[in-house]
$ cat structure-v8.cif   # mmCIF, C-alpha atoms and all ligand atoms
data_entry
loop_
_atom_site.label_atom_id
_atom_site.label_comp_id
_atom_site.auth_asym_id
_atom_site.auth_seq_id
_atom_site.Cartn_x
_atom_site.Cartn_y
_atom_site.Cartn_z
CA MET A 1 -108.74 -187.72 -17.52
CA ARG A 2 -106.06 -185.69 -15.78
CA GLU A 3 -105.79 -184.55 -12.19
CA GLN A 4 -105.78 -180.79 -11.70
CA ASP A 5 -105.48 -179.28 -8.21
CA GLY A 6 -106.43 -182.68 -6.78
CA ALA A 7 -109.63 -182.96 -8.86
CA PRO A 8 -110.14 -185.22 -11.93
CA GLN A 9 -110.73 -183.28 -15.17
CA ALA A 10 -112.08 -184.71 -18.42
CA ALA A 11 -110.79 -183.45 -21.79
CA LEU A 12 -110.47 -184.71 -25.36
CA GLU A 13 -106.82 -185.03 -26.38
CA THR A 14 -104.97 -186.37 -29.42
CA LEU A 15 -102.45 -189.06 -28.50
CA SER A 16 -100.21 -191.36 -30.52
CA ALA A 17 -99.95 -195.15 -30.39
CA ALA A 18 -96.62 -194.70 -28.59
CA ASP A 19 -98.51 -193.11 -25.69
CA LEU A 20 -100.57 -196.26 -25.08
CA PRO A 21 -99.67 -198.41 -22.06
CA PRO A 22 -97.93 -201.77 -22.50
CA GLY A 23 -99.86 -204.85 -23.64
CA ASP A 24 -99.54 -207.62 -26.20
CA VAL A 25 -102.61 -206.78 -28.32
CA LEU A 26 -103.49 -203.48 -30.00
CA ILE A 27 -107.21 -203.04 -30.65
CA ARG A 28 -108.85 -200.62 -33.07
CA VAL A 29 -111.81 -199.53 -30.94
CA ARG A 30 -115.16 -199.24 -32.76
CA TYR A 31 -117.55 -198.88 -29.85
CA SER A 32 -117.50 -198.35 -26.12
CA SER A 33 -120.40 -197.67 -23.78
CA LEU A 34 -121.44 -195.56 -20.83
CA ASN A 35 -121.97 -197.43 -17.59
CA TYR A 36 -122.75 -196.06 -14.13
CA LYS A 37 -119.08 -196.53 -13.19
CA ASP A 38 -118.03 -194.48 -16.24
CA GLY A 39 -120.33 -191.74 -14.97
CA LEU A 40 -118.54 -191.80 -11.61
CA ALA A 41 -115.13 -191.79 -13.34
CA VAL A 42 -115.74 -189.04 -15.90
CA THR A 43 -117.48 -186.65 -13.49
CA GLY A 44 -114.94 -187.40 -10.75
CA LYS A 45 -117.84 -188.01 -8.35
CA GLY A 46 -116.56 -191.48 -7.47
CA LYS A 47 -112.99 -192.61 -6.80
CA VAL A 48 -113.02 -194.96 -9.77
CA ILE A 49 -109.78 -193.86 -11.46
CA ARG A 50 -106.79 -195.21 -9.63
CA GLN A 51 -104.03 -193.38 -11.51
CA PHE A 52 -103.72 -190.34 -13.79
CA PRO A 53 -103.59 -189.65 -16.67
CA MET A 54 -106.31 -192.18 -17.58
CA VAL A 55 -108.35 -192.95 -20.66
CA PRO A 56 -111.74 -193.89 -19.15
CA GLY A 57 -114.27 -196.30 -20.62
CA ILE A 58 -114.66 -199.61 -18.74
CA ASP A 59 -115.56 -201.59 -21.86
CA LEU A 60 -114.88 -201.65 -25.60
CA ALA A 61 -115.42 -203.61 -28.79
CA GLY A 62 -113.27 -203.56 -31.91
CA THR A 63 -110.87 -205.49 -34.07
CA VAL A 64 -107.35 -206.70 -33.39
CA GLU A 65 -104.89 -204.38 -35.15
CA GLN A 66 -101.62 -205.96 -33.97
CA SER A 67 -100.97 -209.00 -31.81
CA GLU A 68 -97.93 -210.53 -30.15
CA SER A 69 -100.14 -213.29 -28.75
CA PRO A 70 -100.64 -216.56 -30.66
CA ASP A 71 -104.26 -216.56 -29.41
CA TRP A 72 -105.31 -213.46 -31.37
CA GLN A 73 -104.91 -212.61 -35.06
CA PRO A 74 -105.21 -209.20 -36.75
CA GLY A 75 -108.77 -208.57 -37.92
CA GLU A 76 -110.46 -210.69 -35.22
CA ALA A 77 -113.48 -209.09 -33.55
CA VAL A 78 -113.09 -208.81 -29.78
CA LEU A 79 -114.61 -207.17 -26.74
CA VAL A 80 -113.23 -206.28 -23.33
CA THR A 81 -115.03 -205.58 -20.06
CA GLY A 82 -113.62 -205.28 -16.55
CA TRP A 83 -110.09 -206.23 -15.42
CA GLY A 84 -109.62 -202.63 -14.21
CA VAL A 85 -109.89 -201.23 -17.75
CA GLY A 86 -110.88 -197.55 -17.57
CA GLU A 87 -109.92 -197.55 -13.88
CA ALA A 88 -106.28 -198.65 -13.56
CA HIS A 89 -105.55 -199.35 -17.25
CA TRP A 90 -106.38 -197.11 -20.23
CA GLY A 91 -109.85 -197.92 -21.50
CA GLY A 92 -112.35 -197.68 -24.32
CA TYR A 93 -112.87 -193.95 -24.91
CA ALA A 94 -110.16 -193.83 -27.58
CA GLY A 95 -109.55 -194.89 -31.19
CA PHE A 96 -107.02 -197.52 -30.09
CA ALA A 97 -106.44 -199.50 -26.92
CA ARG A 98 -103.51 -201.71 -25.99
CA MET A 99 -104.53 -204.60 -23.74
CA LYS A 100 -103.32 -207.81 -22.16
CA SER A 101 -104.39 -210.66 -24.45
CA THR A 102 -105.88 -212.56 -21.49
CA TRP A 103 -108.49 -209.80 -21.03
CA LEU A 104 -110.01 -210.27 -24.49
CA THR A 105 -113.29 -212.08 -25.16
CA ARG A 106 -114.04 -213.35 -28.66
CA LEU A 107 -117.11 -211.68 -30.15
CA PRO A 108 -119.74 -214.44 -30.11
CA ALA A 109 -121.26 -215.56 -33.41
CA GLY A 110 -124.38 -213.63 -34.34
CA LEU A 111 -123.53 -210.51 -32.31
CA SER A 112 -122.33 -207.30 -33.98
CA LEU A 113 -119.61 -205.16 -32.43
CA GLU A 114 -122.17 -202.42 -31.90
CA HIS A 115 -124.67 -204.69 -30.14
CA SER A 116 -121.90 -206.09 -27.97
CA MET A 117 -121.57 -202.60 -26.53
CA THR A 118 -125.34 -202.11 -26.29
CA ILE A 119 -124.99 -205.03 -23.89
CA GLY A 120 -121.62 -203.86 -22.53
CA THR A 121 -120.58 -204.25 -18.90
CA ALA A 122 -124.12 -203.57 -17.65
CA GLY A 123 -125.73 -206.26 -19.81
CA PHE A 124 -122.96 -208.75 -19.12
CA THR A 125 -123.56 -208.16 -15.40
CA ALA A 126 -127.28 -208.74 -15.89
CA MET A 127 -126.51 -212.11 -17.51
CA LEU A 128 -124.17 -213.08 -14.64
CA ALA A 129 -127.02 -212.26 -12.26
CA VAL A 130 -129.50 -214.38 -14.24
CA MET A 131 -127.00 -217.26 -14.28
CA ALA A 132 -126.49 -216.94 -10.51
CA LEU A 133 -130.25 -217.11 -9.86
CA GLU A 134 -130.63 -220.11 -12.17
CA GLU A 135 -127.72 -221.92 -10.54
CA HIS A 136 -129.36 -221.24 -7.18
CA GLY A 137 -132.49 -222.99 -8.42
CA VAL A 138 -134.79 -220.04 -9.12
CA GLN A 139 -137.03 -221.39 -11.90
CA PRO A 140 -139.61 -219.83 -14.24
CA GLY A 141 -143.21 -220.62 -13.38
CA GLY A 142 -143.14 -219.57 -9.73
CA LYS A 143 -143.44 -216.22 -8.02
CA PRO A 144 -142.20 -213.17 -9.97
CA VAL A 145 -138.55 -212.15 -10.10
CA LEU A 146 -138.04 -208.51 -9.13
CA VAL A 147 -135.62 -206.26 -11.06
CA THR A 148 -134.73 -202.93 -9.43
CA GLY A 149 -133.37 -199.89 -11.25
CA ALA A 150 -135.21 -201.48 -14.15
CA GLY A 151 -135.02 -198.45 -16.42
CA GLY A 152 -131.21 -198.41 -16.31
CA GLY A 153 -128.63 -200.55 -18.12
CA VAL A 154 -128.33 -203.60 -15.85
CA GLY A 155 -132.06 -203.42 -15.16
CA SER A 156 -133.25 -203.20 -18.78
CA VAL A 157 -131.12 -206.14 -19.90
CA ALA A 158 -132.12 -208.17 -16.83
CA VAL A 159 -135.83 -207.61 -17.58
CA ALA A 160 -135.37 -208.69 -21.21
CA LEU A 161 -133.29 -211.78 -20.33
CA LEU A 162 -135.62 -213.00 -17.57
CA ALA A 163 -138.77 -212.45 -19.63
CA GLY A 164 -137.14 -214.22 -22.57
CA ARG A 165 -136.50 -217.27 -20.38
CA GLY A 166 -140.11 -217.41 -19.20
CA TYR A 167 -139.87 -215.77 -15.78
CA THR A 168 -142.64 -213.46 -14.64
CA VAL A 169 -140.83 -210.13 -14.19
CA ALA A 170 -141.74 -207.31 -11.84
CA ALA A 171 -139.81 -204.16 -12.82
CA SER A 172 -139.14 -201.54 -10.17
CA THR A 173 -138.57 -198.01 -11.40
CA GLY A 174 -138.67 -194.45 -10.10
CA ARG A 175 -139.89 -193.29 -13.52
CA ALA A 176 -143.59 -194.05 -14.01
CA ASP A 177 -143.34 -192.92 -17.64
CA LEU A 178 -141.09 -195.94 -18.38
CA GLU A 179 -143.98 -198.38 -17.94
CA PRO A 180 -144.59 -198.89 -21.72
CA TYR A 181 -140.84 -199.34 -22.32
CA LEU A 182 -140.43 -201.87 -19.50
CA LYS A 183 -143.52 -203.78 -20.58
CA SER A 184 -142.16 -203.87 -24.14
CA LEU A 185 -139.02 -205.55 -22.73
CA GLY A 186 -141.21 -208.19 -21.08
CA ALA A 187 -142.09 -206.90 -17.59
CA SER A 188 -145.57 -207.94 -16.51
CA ARG A 189 -145.80 -205.60 -13.58
CA ILE A 190 -144.34 -202.24 -12.48
CA VAL A 191 -143.32 -201.68 -8.86
CA PRO A 192 -142.88 -198.00 -7.96
CA ARG A 193 -139.43 -197.27 -6.49
CA ASP A 194 -141.03 -195.83 -3.34
CA ALA A 195 -142.67 -199.16 -2.59
CA LEU A 196 -139.17 -200.51 -1.83
CA ALA A 197 -137.19 -197.40 -0.81
CA ARG A 198 -138.91 -197.17 2.58
CA PRO A 199 -138.23 -198.52 6.07
CA SER A 200 -139.01 -202.24 6.08
CA LYS A 201 -139.69 -204.95 8.65
CA PRO A 202 -137.03 -207.66 9.14
CA MET A 203 -139.34 -210.11 7.33
CA GLU A 204 -142.22 -209.10 5.11
CA SER A 205 -144.59 -211.29 3.10
CA GLU A 206 -142.88 -213.65 0.65
CA THR A 207 -143.42 -211.88 -2.66
CA TRP A 208 -140.48 -212.70 -4.98
CA ALA A 209 -138.88 -215.95 -6.12
CA GLY A 210 -135.71 -213.94 -6.64
CA ALA A 211 -134.40 -210.50 -7.46
CA ILE A 212 -131.73 -208.73 -9.49
CA ASP A 213 -130.79 -205.55 -7.67
CA SER A 214 -128.68 -202.70 -9.04
CA VAL A 215 -129.86 -200.16 -6.44
CA GLY A 216 -128.63 -201.40 -3.02
CA GLY A 217 -129.34 -199.44 0.19
CA GLN A 218 -132.86 -199.44 1.58
CA THR A 219 -134.26 -200.91 -1.65
CA LEU A 220 -132.13 -204.03 -1.19
CA ALA A 221 -132.98 -204.25 2.51
CA THR A 222 -136.71 -204.22 1.68
CA LEU A 223 -136.64 -206.68 -1.21
CA TYR A 224 -134.44 -209.07 0.80
CA SER A 225 -137.15 -209.15 3.48
CA GLN A 226 -139.67 -210.15 0.77
CA ILE A 227 -137.81 -213.03 -0.95
CA GLU A 228 -139.62 -216.34 -0.60
CA ARG A 229 -138.21 -219.29 1.32
CA HIS A 230 -134.98 -220.62 -0.30
CA GLY A 231 -135.04 -217.86 -2.91
CA ALA A 232 -132.17 -215.48 -3.67
CA ALA A 233 -131.29 -211.94 -4.61
CA ALA A 234 -128.41 -211.32 -7.03
CA VAL A 235 -126.78 -208.12 -5.77
CA CYS A 236 -125.11 -206.05 -8.50
CA GLY A 237 -125.02 -202.37 -7.66
CA LEU A 238 -125.36 -199.30 -5.52
CA ALA A 239 -127.20 -196.69 -7.62
CA GLY A 240 -129.37 -195.94 -4.57
CA GLY A 241 -126.74 -196.39 -1.85
CA HIS A 242 -123.89 -198.65 -0.75
CA GLN A 243 -125.05 -199.33 2.79
CA LEU A 244 -127.09 -202.35 3.76
CA GLN A 245 -128.85 -202.24 7.11
CA THR A 246 -130.83 -205.37 7.73
CA THR A 247 -131.09 -208.46 9.91
CA VAL A 248 -130.06 -212.08 9.53
CA PHE A 249 -133.67 -213.31 9.84
CA PRO A 250 -134.37 -213.95 6.11
CA LEU A 251 -131.05 -215.84 5.91
CA ILE A 252 -131.61 -218.07 8.92
CA LEU A 253 -135.40 -218.42 9.05
CA ARG A 254 -136.16 -218.62 5.31
CA GLY A 255 -132.85 -219.80 3.88
CA VAL A 256 -132.74 -216.76 1.61
CA SER A 257 -129.39 -216.14 -0.15
CA LEU A 258 -127.68 -212.95 -1.20
CA LEU A 259 -125.59 -213.70 -4.30
CA GLY A 260 -122.77 -211.26 -4.99
CA ILE A 261 -122.14 -210.39 -8.64
CA ASP A 262 -118.67 -209.22 -9.72
CA SER A 263 -118.32 -208.71 -13.45
CA VAL A 264 -114.83 -207.18 -13.30
CA TYR A 265 -112.85 -210.27 -12.37
CA CYS A 266 -115.24 -212.87 -13.75
CA PRO A 267 -113.11 -215.82 -15.00
CA PRO A 268 -112.65 -216.12 -18.81
CA ALA A 269 -114.61 -219.38 -19.29
CA ARG A 270 -117.66 -217.99 -17.49
CA ARG A 271 -117.36 -214.75 -19.51
CA GLN A 272 -117.41 -216.61 -22.80
CA ALA A 273 -120.41 -218.68 -21.65
CA ALA A 274 -122.29 -215.54 -20.58
CA TRP A 275 -121.52 -213.76 -23.87
CA SER A 276 -122.65 -216.77 -25.94
CA ARG A 277 -125.95 -216.71 -24.10
CA LEU A 278 -126.31 -212.95 -24.48
CA ALA A 279 -125.83 -213.28 -28.25
CA ALA A 280 -128.43 -216.06 -28.42
CA GLU A 281 -131.06 -214.57 -26.12
CA LEU A 282 -131.21 -210.87 -27.08
CA SER A 283 -132.53 -210.04 -30.54
CA PRO A 284 -131.10 -207.07 -32.49
CA ALA A 285 -134.53 -205.38 -32.36
CA ARG A 286 -134.68 -205.74 -28.58
CA LEU A 287 -131.19 -204.31 -28.22
CA ASP A 288 -131.94 -201.39 -30.54
CA ALA A 289 -135.03 -200.58 -28.45
CA MET A 290 -132.87 -199.92 -25.40
CA THR A 291 -130.03 -197.97 -27.04
CA THR A 292 -129.02 -194.34 -27.27
CA GLN A 293 -126.00 -193.61 -29.53
CA ILE A 294 -123.59 -190.84 -28.58
CA SER A 295 -120.16 -189.59 -29.69
CA LEU A 296 -117.02 -189.22 -27.60
CA ALA A 297 -117.64 -185.47 -27.24
CA ASP A 298 -121.06 -186.22 -25.69
CA VAL A 299 -119.63 -188.41 -22.92
CA PRO A 300 -119.12 -185.74 -20.18
CA ARG A 301 -122.74 -184.54 -20.49
CA TRP A 302 -124.12 -188.09 -20.50
CA ALA A 303 -121.90 -188.98 -17.53
CA GLU A 304 -123.91 -186.45 -15.50
CA THR A 305 -127.15 -187.85 -16.94
CA ILE A 306 -126.42 -191.43 -15.89
CA LEU A 307 -125.54 -190.40 -12.33
CA ALA A 308 -128.83 -188.50 -12.18
CA GLY A 309 -130.60 -191.81 -12.90
CA ALA A 310 -131.97 -190.37 -16.13
CA VAL A 311 -130.54 -192.77 -18.74
CA ARG A 312 -133.07 -195.18 -20.24
CA GLY A 313 -131.48 -198.52 -21.09
CA ARG A 314 -127.99 -198.38 -22.54
CA VAL A 315 -125.76 -195.71 -24.06
CA VAL A 316 -123.36 -196.76 -26.84
CA VAL A 317 -120.33 -194.56 -27.57
CA THR A 318 -119.35 -194.67 -31.25
CA LEU A 319 -115.62 -194.26 -31.90
CA GLY A 320 -114.03 -195.21 -35.16
CA ALA A 321 -117.05 -197.02 -36.65
P1 LIG B 401 -127.87 -197.03 -14.72
O1 LIG B 401 -127.74 -195.63 -14.25
O2 LIG B 401 -128.07 -197.28 -16.15
O3 LIG B 401 -129.06 -197.74 -13.92
C1 LIG B 401 -129.28 -197.51 -12.55
C2 LIG B 401 -130.77 -197.32 -12.33
O4 LIG B 401 -131.01 -197.32 -10.92
C3 LIG B 401 -131.33 -196.01 -12.82
O5 LIG B 401 -131.66 -196.01 -14.18
C4 LIG B 401 -132.56 -195.88 -11.96
O6 LIG B 401 -133.58 -196.72 -12.50
C5 LIG B 401 -132.12 -196.48 -10.62
N1 LIG B 401 -131.66 -195.44 -9.69
C6 LIG B 401 -130.79 -194.44 -9.93
N2 LIG B 401 -130.63 -193.68 -8.82
C7 LIG B 401 -131.41 -194.23 -7.88
C8 LIG B 401 -131.68 -193.90 -6.52
N3 LIG B 401 -131.09 -192.85 -5.92
N4 LIG B 401 -132.54 -194.69 -5.84
C9 LIG B 401 -133.13 -195.74 -6.42
N5 LIG B 401 -132.92 -196.10 -7.71
C10 LIG B 401 -132.06 -195.35 -8.42
O7 LIG B 401 -126.57 -197.79 -14.21
P2 LIG B 401 -126.01 -199.24 -14.64
O8 LIG B 401 -127.15 -200.10 -15.01
O9 LIG B 401 -124.85 -199.08 -15.54
O10 LIG B 401 -125.44 -199.75 -13.24
C11 LIG B 401 -126.34 -200.01 -12.17
C12 LIG B 401 -125.57 -200.34 -10.91
O11 LIG B 401 -124.92 -201.59 -11.07
C13 LIG B 401 -124.49 -199.32 -10.55
O12 LIG B 401 -124.42 -199.17 -9.15
C14 LIG B 401 -123.22 -199.98 -11.07
O13 LIG B 401 -122.07 -199.53 -10.40
C15 LIG B 401 -123.53 -201.43 -10.79
N6 LIG B 401 -122.77 -202.36 -11.64
C16 LIG B 401 -122.10 -203.36 -11.01
C17 LIG B 401 -121.40 -204.26 -11.72
C18 LIG B 401 -120.76 -205.41 -11.03
O14 LIG B 401 -119.86 -206.04 -11.58
N7 LIG B 401 -121.21 -205.73 -9.83
C19 LIG B 401 -121.23 -204.12 -13.17
C20 LIG B 401 -122.09 -203.10 -13.78
C21 LIG B 401 -122.81 -202.24 -13.00
P3 LIG B 401 -135.14 -196.32 -12.46
O15 LIG B 401 -135.22 -194.89 -12.87
O16 LIG B 401 -135.78 -197.25 -13.43
O17 LIG B 401 -135.59 -196.51 -11.04
#

$ encode --input "structure-v8.cif" --output "structure tokens"
Amino acid sequence: MREQDGAPQAALETLSAADLPPGDVLIRVRYSSLNYKDGLAVTGKGKVIRQFPMVPGIDLAGTVEQSESPDWQPGEAVLVTGWGVGEAHWGGYAGFARMKSTWLTRLPAGLSLEHSMTIGTAGFTAMLAVMALEEHGVQPGGKPVLVTGAGGGVGSVAVALLAGRGYTVAASTGRADLEPYLKSLGASRIVPRDALARPSKPMESETWAGAIDSVGGQTLATLYSQIERHGAAAVCGLAGGHQLQTTVFPLILRGVSLLGIDSVYCPPARRQAAWSRLAAELSPARLDAMTTQISLADVPRWAETILAGAVRGRVVVTLGA
């Protein structure tokens, strides 16, 4: 990405290893992925990129090529998400990436490099949201857990993880045709997007034990008014809007909690725990069912597609595989 006349422009360019930014580990990138934030970065529709020129791609998986760190040996399989990669530091849409060794996560046993990017930042975020709900005390066996933006990346992985752990999952989508897909991931019920993206009362009937929300805006305001007493909503995203107009009533009269999810600066120990669980709880078949494979040249077109809310599940970008 370069800046031309004040506007970000995407182009494929050939660079050498000497062009890469400083870092103590060089990674041969095999896969990256396309997340909502990548869509904002590559189209220039969001101020995601903080300096130019920039190699976008907020996550990557590959093998260590060279290492000056005693913690990492050549040939080791690693993945990186967050830490400003693809925003302030050159990211995953390249054959090689030079990184700080402290940003690397060891590929968990049983997970392929490719499937680690099927999960990618979006799936990792979904796991952090599930962990936050569990730690809050939201248990399987009670009222359903609502997942919004269910057809997208965070949403699809959240549905699969929750269903796999025995929760009853209600999947909210604006795409009625995704019902068979969402039910195949484990949703028991579909909630039309319009049922939530509408003006709501400060407190509505207690419908959900918890929620994982990647939509924000009015959708979040409505679902928050419907969380049962002492339940919680894990708040991940803003695909439907960044504003939140609501009241304190669910907080102070029902003890409802809003749990903020930040995947970018998640501490390393919690990352490794989340990735171990992702590897154990998502089967290869389930991951394949939510994946579209694209090449680097396809990224600009798919960046528009993800911002239009038209990606189903996850998009894996194949690099030097
Ligand atoms: P996707 O585009 O894959 O998923 C978003 C989904 O939201 C869409 O598929 C669509 O689902 C729904 N949606 C899109 N537009 C609207 C709209 N205008 N109103 C209501 N619903 C809409 O994106 P990701 O899953 O990659 O990311 C989802 C959100 O989570 C983004 O805002 C992203 O920035 C955020 N995020 C945050 C992270 C964090 O660390 N907090 C990390 C990763 C992502 P459907 O058609 O099924 O309704």

$ residues_near_ligand --input "structure-v8.cif" --ligand "ligand LIG 401 (chain B)" --cutoff "7 Å" --atoms "all atoms listed in the file" --output "number ranges by chain"
A: 35-37, 121-122, 125, 148-155, 172-175, 193, 214-215, 236-241, 261-264, 306-314

$ write_last_selection --input "structure-v8.cif" --atoms "C-alpha atoms" --output "PDB file, keeping the file's coordinate frame"
ATOM      1  CA  ASN A  35    -121.970-197.430 -17.590  1.00  0.00           C
ATOM      2  CA  TYR A  36    -122.750-196.060 -14.130  1.00  0.00           C
ATOM      3  CA  LYS A  37    -119.080-196.530 -13.190  1.00  0.00           C
ATOM      4  CA  THR A 121    -120.580-204.250 -18.900  1.00  0.00           C
ATOM      5  CA  ALA A 122    -124.120-203.570 -17.650  1.00  0.00           C
ATOM      6  CA  THR A 125    -123.560-208.160 -15.400  1.00  0.00           C
ATOM      7  CA  THR A 148    -134.730-202.930  -9.430  1.00  0.00           C
ATOM      8  CA  GLY A 149    -133.370-199.890 -11.250  1.00  0.00           C
ATOM      9  CA  ALA A 150    -135.210-201.480 -14.150  1.00  0.00           C
ATOM     10  CA  GLY A 151    -135.020-198.450 -16.420  1.00  0.00           C
ATOM     11  CA  GLY A 152    -131.210-198.410 -16.310  1.00  0.00           C
ATOM     12  CA  GLY A 153    -128.630-200.550 -18.120  1.00  0.00           C
ATOM     13  CA  VAL A 154    -128.330-203.600 -15.850  1.00  0.00           C
ATOM     14  CA  GLY A 155    -132.060-203.420 -15.160  1.00  0.00           C
ATOM     15  CA  SER A 172    -139.140-201.540 -10.170  1.00  0.00           C
ATOM     16  CA  THR A 173    -138.570-198.010 -11.400  1.00  0.00           C
ATOM     17  CA  GLY A 174    -138.670-194.450 -10.100  1.00  0.00           C
ATOM     18  CA  ARG A 175    -139.890-193.290 -13.520  1.00  0.00           C
ATOM     19  CA  ARG A 193    -139.430-197.270  -6.490  1.00  0.00           C
ATOM     20  CA  SER A 214    -128.680-202.700  -9.040  1.00  0.00           C
ATOM     21  CA  VAL A 215    -129.860-200.160  -6.440  1.00  0.00           C
ATOM     22  CA  CYS A 236    -125.110-206.050  -8.500  1.00  0.00           C
ATOM     23  CA  GLY A 237    -125.020-202.370  -7.660  1.00  0.00           C
ATOM     24  CA  LEU A 238    -125.360-199.300  -5.520  1.00  0.00           C
ATOM     25  CA  ALA A 239    -127.200-196.690  -7.620  1.00  0.00           C
ATOM     26  CA  GLY A 240    -129.370-195.940  -4.570  1.00  0.00           C
ATOM     27  CA  GLY A 241    -126.740-196.390  -1.850  1.00  0.00           C
ATOM     28  CA  ILE A 261    -122.140-210.390  -8.640  1.00  0.00           C
ATOM     29  CA  ASP A 262    -118.670-209.220  -9.720  1.00  0.00           C
ATOM     30  CA  SER A 263    -118.320-208.710 -13.450  1.00  0.00           C
ATOM     31  CA  VAL A 264    -114.830-207.180 -13.300  1.00  0.00           C
ATOM     32  CA  ILE A 306    -126.420-191.430 -15.890  1.00  0.00           C
ATOM     33  CA  LEU A 307    -125.540-190.400 -12.330  1.00  0.00           C
ATOM     34  CA  ALA A 308    -128.830-188.500 -12.180  1.00  0.00           C
ATOM     35  CA  GLY A 309    -130.600-191.810 -12.900  1.00  0.00           C
ATOM     36  CA  ALA A 310    -131.970-190.370 -16.130  1.00  0.00           C
ATOM     37  CA  VAL A 311    -130.540-192.770 -18.740  1.00  0.00           C
ATOM     38  CA  ARG A 312    -133.070-195.180 -20.240  1.00  0.00           C
ATOM     39  CA  GLY A 313    -131.480-198.520 -21.090  1.00  0.00           C
ATOM     40  CA  ARG A 314    -127.990-198.380 -22.540  1.00  0.00           C
TER      41      ARG A 314
END

$ residues_near_point --input "structure-v8.cif" --point "(-138.1, -209.0, -3.5)" --cutoff "10 Å" --atoms "all atoms listed in the file" --output "PDB file with C-alpha atoms, in the coordinates of the input"
ATOM      1  CA  PRO A 144    -142.200-213.170  -9.970  1.00  0.00           C
ATOM      2  CA  VAL A 145    -138.550-212.150 -10.100  1.00  0.00           C
ATOM      3  CA  LEU A 146    -138.040-208.510  -9.130  1.00  0.00           C
ATOM      4  CA  VAL A 147    -135.620-206.260 -11.060  1.00  0.00           C
ATOM      5  CA  THR A 148    -134.730-202.930  -9.430  1.00  0.00           C
ATOM      6  CA  ALA A 170    -141.740-207.310 -11.840  1.00  0.00           C
ATOM      7  CA  LEU A 196    -139.170-200.510  -1.830  1.00  0.00           C
ATOM      8  CA  GLU A 204    -142.220-209.100   5.110  1.00  0.00           C
ATOM      9  CA  SER A 205    -144.590-211.290   3.100  1.00  0.00           C
ATOM     10  CA  GLU A 206    -142.880-213.650   0.650  1.00  0.00           C
ATOM     11  CA  THR A 207    -143.420-211.880  -2.660  1.00  0.00           C
ATOM     12  CA  TRP A 208    -140.480-212.700  -4.980  1.00  0.00           C
ATOM     13  CA  ALA A 209    -138.880-215.950  -6.120  1.00  0.00           C
ATOM     14  CA  GLY A 210    -135.710-213.940  -6.640  1.00  0.00           C
ATOM     15  CA  ALA A 211    -134.400-210.500  -7.460  1.00  0.00           C
ATOM     16  CA  ILE A 212    -131.730-208.730  -9.490  1.00  0.00           C
ATOM     17  CA  ASP A 213    -130.790-205.550  -7.670  1.00  0.00           C
ATOM     18  CA  THR A 219    -134.260-200.910  -1.650  1.00  0.00           C
ATOM     19  CA  LEU A 220    -132.130-204.030  -1.190  1.00  0.00           C
ATOM     20  CA  ALA A 221    -132.980-204.250   2.510  1.00  0.00           C
ATOM     21  CA  THR A 222    -136.710-204.220   1.680  1.00  0.00           C
ATOM     22  CA  LEU A 223    -136.640-206.680  -1.210  1.00  0.00           C
ATOM     23  CA  TYR A 224    -134.440-209.070   0.800  1.00  0.00           C
ATOM     24  CA  SER A 225    -137.150-209.150   3.480  1.00  0.00           C
ATOM     25  CA  GLN A 226    -139.670-210.150   0.770  1.00  0.00           C
ATOM     26  CA  ILE A 227    -137.810-213.030  -0.950  1.00  0.00           C
ATOM     27  CA  GLU A 228    -139.620-216.340  -0.600  1.00  0.00           C
ATOM     28  CA  GLY A 231    -135.040-217.860  -2.910  1.00  0.00           C
ATOM     29  CA  ALA A 232    -132.170-215.480  -3.670  1.00  0.00           C
ATOM     30  CA  ALA A 233    -131.290-211.940  -4.610  1.00  0.00           C
TER      31      ALA A 233
END

$ closest_atom_pairs --input "structure-v8.cif" --of "stretch 42-63 of chain A" --to "stretch 101-106 of chain A" --cutoff "12 Å" --atoms "only C-alpha atoms" --output "Markdown table"
| residue | atom | partner | partner_atom | distance |
| --- | --- | --- | --- | --- |
| A:Asp59 | CA | A:Leu104 | CA | 10.6 |
| A:Leu60 | CA | A:Leu104 | CA | 10.0 |
| A:Ala61 | CA | A:Thr105 | CA | 9.5 |
| A:Gly62 | CA | A:Arg106 | CA | 10.3 |
| A:Thr63 | CA | A:Arg106 | CA | 10.1 |

$ write_last_selection --input "structure-v8.cif" --atoms "C-alpha atoms" --output "JSON list (two decimals), in the frame of the given file"
[["chain", "number", "residue", "atom", "x", "y", "z"],
["A", 59, "ASP", "CA", -115.56, -201.59, -21.86],
["A", 60, "LEU", "CA", -114.88, -201.65, -25.60],
["A", 61, "ALA", "CA", -115.42, -203.61, -28.79],
["A", 62, "GLY", "CA", -113.27, -203.56, -31.91],
["A", 63, "THR", "CA", -110.87, -205.49, -34.07]]

$ atom_distance --input "structure-v8.cif" --atom1 "atom CA of A:Val138" --atom2 "atom CA of A:Leu259"
12.2 Å

$ closest_residue --input "structure-v8.cif" --among "A:Ser257, A:Gln293, A:Ser116, A:Gln73" --to "A:Trp275" --atoms "only C-alpha atoms"
A:Ser116

$ closest_residue --input "structure-v8.cif" --among "A:Gly82, A:Met99, A:Glu281, A:Trp90" --to "A:Gly164" --atoms "all atoms listed in the file"
A:Glu281

$ closest_residue --input "structure-v8.cif" --among "A:Leu40, A:Ala109, A:Val55, A:Met127" --to "A:Cys266" --atoms "all atoms listed in the file"
A:Met127

$ atom_distance --input "structure-v8.cif" --atom1 "atom CA of A:Gly320" --atom2 "atom CA of A:Arg28"
7.8 Å

$ residues_near_point --input "structure-v8.cif" --point "(-109.4, -184.2, -7.8)" --cutoff "12 Å" --atoms "all atoms listed in the file" --output "PyMOL selection string"
chain A and resi 1-10+41-53

$ atom_distance --input "structure-v8.cif" --atom1 "atom CA of A:Ala289" --atom2 "atom CA of A:Glu114"
13.4 Å
